[in-house]
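Shown next, in structure tokens, is the structure this report addresses.
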Amino acid sequence: MSPRTPFAIRPARAEDAPAITEIAIEVLSWSRIYDLGPSFANILHRHIAASEHGLLSVGVRDEEVMGFLIGAFDAKLLFRQFLLRHGLRAGLALAPQLLSPRRAATVFRGLTYFPEAPADDPGAEILSFAIRPEAQRSGLGTALFRDLVDRYAERGTNRLKVGTIDVENEASNRFFAGLGATILRSETLYSGKLVNVYQCDIPTMREVLEARVATRRSGELGAAVS
């Protein structure tokens with residue numbers, strides 16, 4: 001059996017938006033943002049990919065987007081810029097959704113970017129991350145996070161936060177704890193959902209990710225030799 005083509009990690013392009021949205025809706029079914037519909041999500045993803053305040057990387061294999069990671073160098077500036085540049089178009093896409101009080105609350109909290117967040121929180125943030133089910137446990141997640149760490153380091157960012165990890169999501173909490181992240185606090189998101197807010201140290205994340213890659217390569221070499 002021939003080996004699978006390796007993943008290529010690259011910055012997302014505008015034409016990747018539908019694939020990113022498709023993965024997000026499939027994998028992040030609990031997310032209220034993606035509950036607002038693919039038209040709105042496509043506008044948002046294109047904006048993040050193009051913005052100097054955003055970071056959107058994709059993992060591609062055989063020209064198919066298999067996963068993505070969304071971050072922000074400054075989340076408040078990213079969403080403020082989104083409203084200024086795409087507010088009218090996004091509003092038209094969202095108009096049918098705004099008839100629902102629950103979804104209207106999602107729009108307000110999401111696009112005003114949680115104004116109650118403490119002022120001393122890191123401005124940089126991991127906003128979203130998803131991989132197609134068939135590509136999970138393949139090393140793609142580690143590759144995407146290594147790319148994220150490198151891009152943050154290039155901008156002089158030393159710490160970031162992750163703010164939407166459900167306290168009951170044991171796998172996600174173990175994942176970020178394994179990266180050396182520490183819990184800043186737990187807070188209520190949307191309709192009563194309690195989430196952990198993590199702070200991550202970029203140099204520590206890099207060390208952990210590089211160790212994981214080395215371990216994976218060692219295992220692959222051992223399997224090839226045997």
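Here, A, B, ... name the chains of the structure tokens in the order displayed, residue numbers run from 1 inside each chain, and ligands are numbered from 1 in the same displayed order.
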
Handout entry: alpha helix (DSSP H) residues, from DSSP on the backbone, in range 136-214 of chain A, as a ChimeraX atom specification
Key = /A:140-154,170-178,202-214

Practice task
Name the residues in contact with Lys193 in chain A at a cut-off of 12 Å, using only C-alpha atoms, excluding same-chain residues fewer than 3 positions from it; report them as a ChimeraX atom specification.
Solution key: /A:30-32,164-169,186-190,196

Practice task
Quick one: everything within 7 Å of Ala93 in chain A, counting only C-alpha atoms, minus sequence neighbours fewer than 4 positions away in the same chain. Send it as a PyMOL selection string.
Solution key: chain A and resi 39-40+89

Can you write just those residues out, N, CA and C atoms, as a PDB file, in the first residue's frame?
```pdb
ATOM      1  N   SER A  39     -23.442  31.208   5.008  1.00  0.00           N
ATOM      2  CA  SER A  39     -23.187  32.481   4.319  1.00  0.00           C
ATOM      3  C   SER A  39     -22.423  33.440   5.223  1.00  0.00           C
ATOM      4  N   PHE A  40     -22.886  33.563   6.461  1.00  0.00           N
ATOM      5  CA  PHE A  40     -22.196  34.430   7.410  1.00  0.00           C
ATOM      6  C   PHE A  40     -20.800  33.901   7.716  1.00  0.00           C
ATOM      7  N   ARG A  89     -22.916  43.648   4.681  1.00  0.00           N
ATOM      8  CA  ARG A  89     -23.072  42.357   4.015  1.00  0.00           C
ATOM      9  C   ARG A  89     -23.371  41.238   5.020  1.00  0.00           C
TER      10      ARG A  89
END
```

Can you write out as a Markdown table which residues of range 9-41 of chain A fall within 12 Å of range 49-54 of chain A, alongside each residue's closest atom pair and its distance in Å to one decimal, counting only C-alpha atoms and ordering rows by chain and ascending residue number?
```
| residue | atom | partner | partner_atom | distance |
| --- | --- | --- | --- | --- |
| A:Arg10 | CA | A:Ala49 | CA | 11.0 |
| A:Pro11 | CA | A:Ala49 | CA | 7.4 |
| A:Ala12 | CA | A:Ala49 | CA | 5.7 |
| A:Arg13 | CA | A:Ala49 | CA | 6.3 |
| A:Ala14 | CA | A:Ala49 | CA | 6.9 |
| A:Glu15 | CA | A:Ala49 | CA | 10.2 |
| A:Asp16 | CA | A:Ala49 | CA | 9.3 |
| A:Ala17 | CA | A:Ala49 | CA | 8.7 |
| A:Ile20 | CA | A:Ala49 | CA | 11.0 |
```

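For the choices A:Gly141, A:Gly67, A:Pro6, A:Gly123, the atom-to-atom distance to Ala19 in chain A is smallest for A:Gly67 when using only C-alpha atoms.
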
Practice task
Determine the nearest neighbour of Phe68 in chain A from the options A:His45, A:Lys161, A:Arg155, A:Arg185, counting only C-alpha atoms.
Solution key: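 Checking each of A:His45, A:Lys161, A:Arg155, A:Arg185 against Phe68 in chain A, counting only C-alpha atoms, the winner is A:His45.
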
Exercise for the section: Determine, counting only C-alpha atoms, which protein, DNA and RNA residues have an atom within 10 Å of an atom of Ala181 in chain A; residues of the same chain fewer than 3 positions away are not included. Present the result as a ChimeraX atom specification. Expected result: /A:159-162,173-178,184,197-202,204-205

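Between CA of Phe7 in chain A and CA of Arg61 in chain A the interatomic distance comes to 4.9 Å.
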
Exercise for the section: Run DSSP on the backbone of this structure and report the residues of range 15-173 of chain A it assigns to strand (DSSP E or B), as a PyMOL selection string. Expected result: chain A and resi 54-61+64-72+125-131+159-166

Exercise for the section: May I ask for the distance between CA of Ala143 in chain A and CA of Leu179 in chain A, given in Å to one decimal place? Expected result: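 CA of Leu179 in chain A lies 13.5 Å from CA of Ala143 in chain A.
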
Exercise for the section: Tell me, as a list in words, which residues lie within 9 Å of Gln81 in chain A, counting only C-alpha atoms; anything in the same chain fewer than 4 positions away does not count. Expected result: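 So the residues in contact are His47, Ser51, His53, Lys76, Leu77, Arg85 and His86 of chain A.
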
Using N, CA and C atoms, can you export the residues from the last selection as a CSV table (one decimal), in the first residue's frame?
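What landed in out-v6.csv:
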```csv
chain,number,residue,atom,x,y,z
A,47,HIS,N,-12.7,37.2,5.8
A,47,HIS,CA,-12.1,38.4,6.5
A,47,HIS,C,-10.9,38.1,7.4
A,51,SER,N,-7.2,39.6,7.0
A,51,SER,CA,-6.9,40.7,8.0
A,51,SER,C,-5.5,40.6,8.6
A,53,HIS,N,-5.0,41.5,11.5
A,53,HIS,CA,-5.2,41.1,12.9
A,53,HIS,C,-5.6,39.7,13.1
A,76,LYS,N,-10.0,41.9,19.6
A,76,LYS,CA,-11.0,43.0,19.6
A,76,LYS,C,-10.8,43.8,18.3
A,77,LEU,N,-9.6,44.0,17.9
A,77,LEU,CA,-9.4,44.8,16.6
A,77,LEU,C,-9.9,44.0,15.4
A,85,ARG,N,-15.8,46.7,7.9
A,85,ARG,CA,-15.6,46.4,6.5
A,85,ARG,C,-16.8,45.5,5.9
A,86,HIS,N,-17.4,44.7,6.8
A,86,HIS,CA,-18.3,43.7,6.2
A,86,HIS,C,-19.7,43.8,7.0
```

Exercise for the section: Can you work out which one of A:Ala90, A:Val65, A:Leu28, A:Ala171 has the shortest atom-to-atom distance to Ala41 in chain A, counting only C-alpha atoms? Expected result: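 Once distances to Ala41 in chain A are computed over only C-alpha atoms, the minimum belongs to A:Ala90.
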
Handout entry: d(CA of Leu92 in chain A, CA of Phe79 in chain A) in Å
Key = 17.2 Å
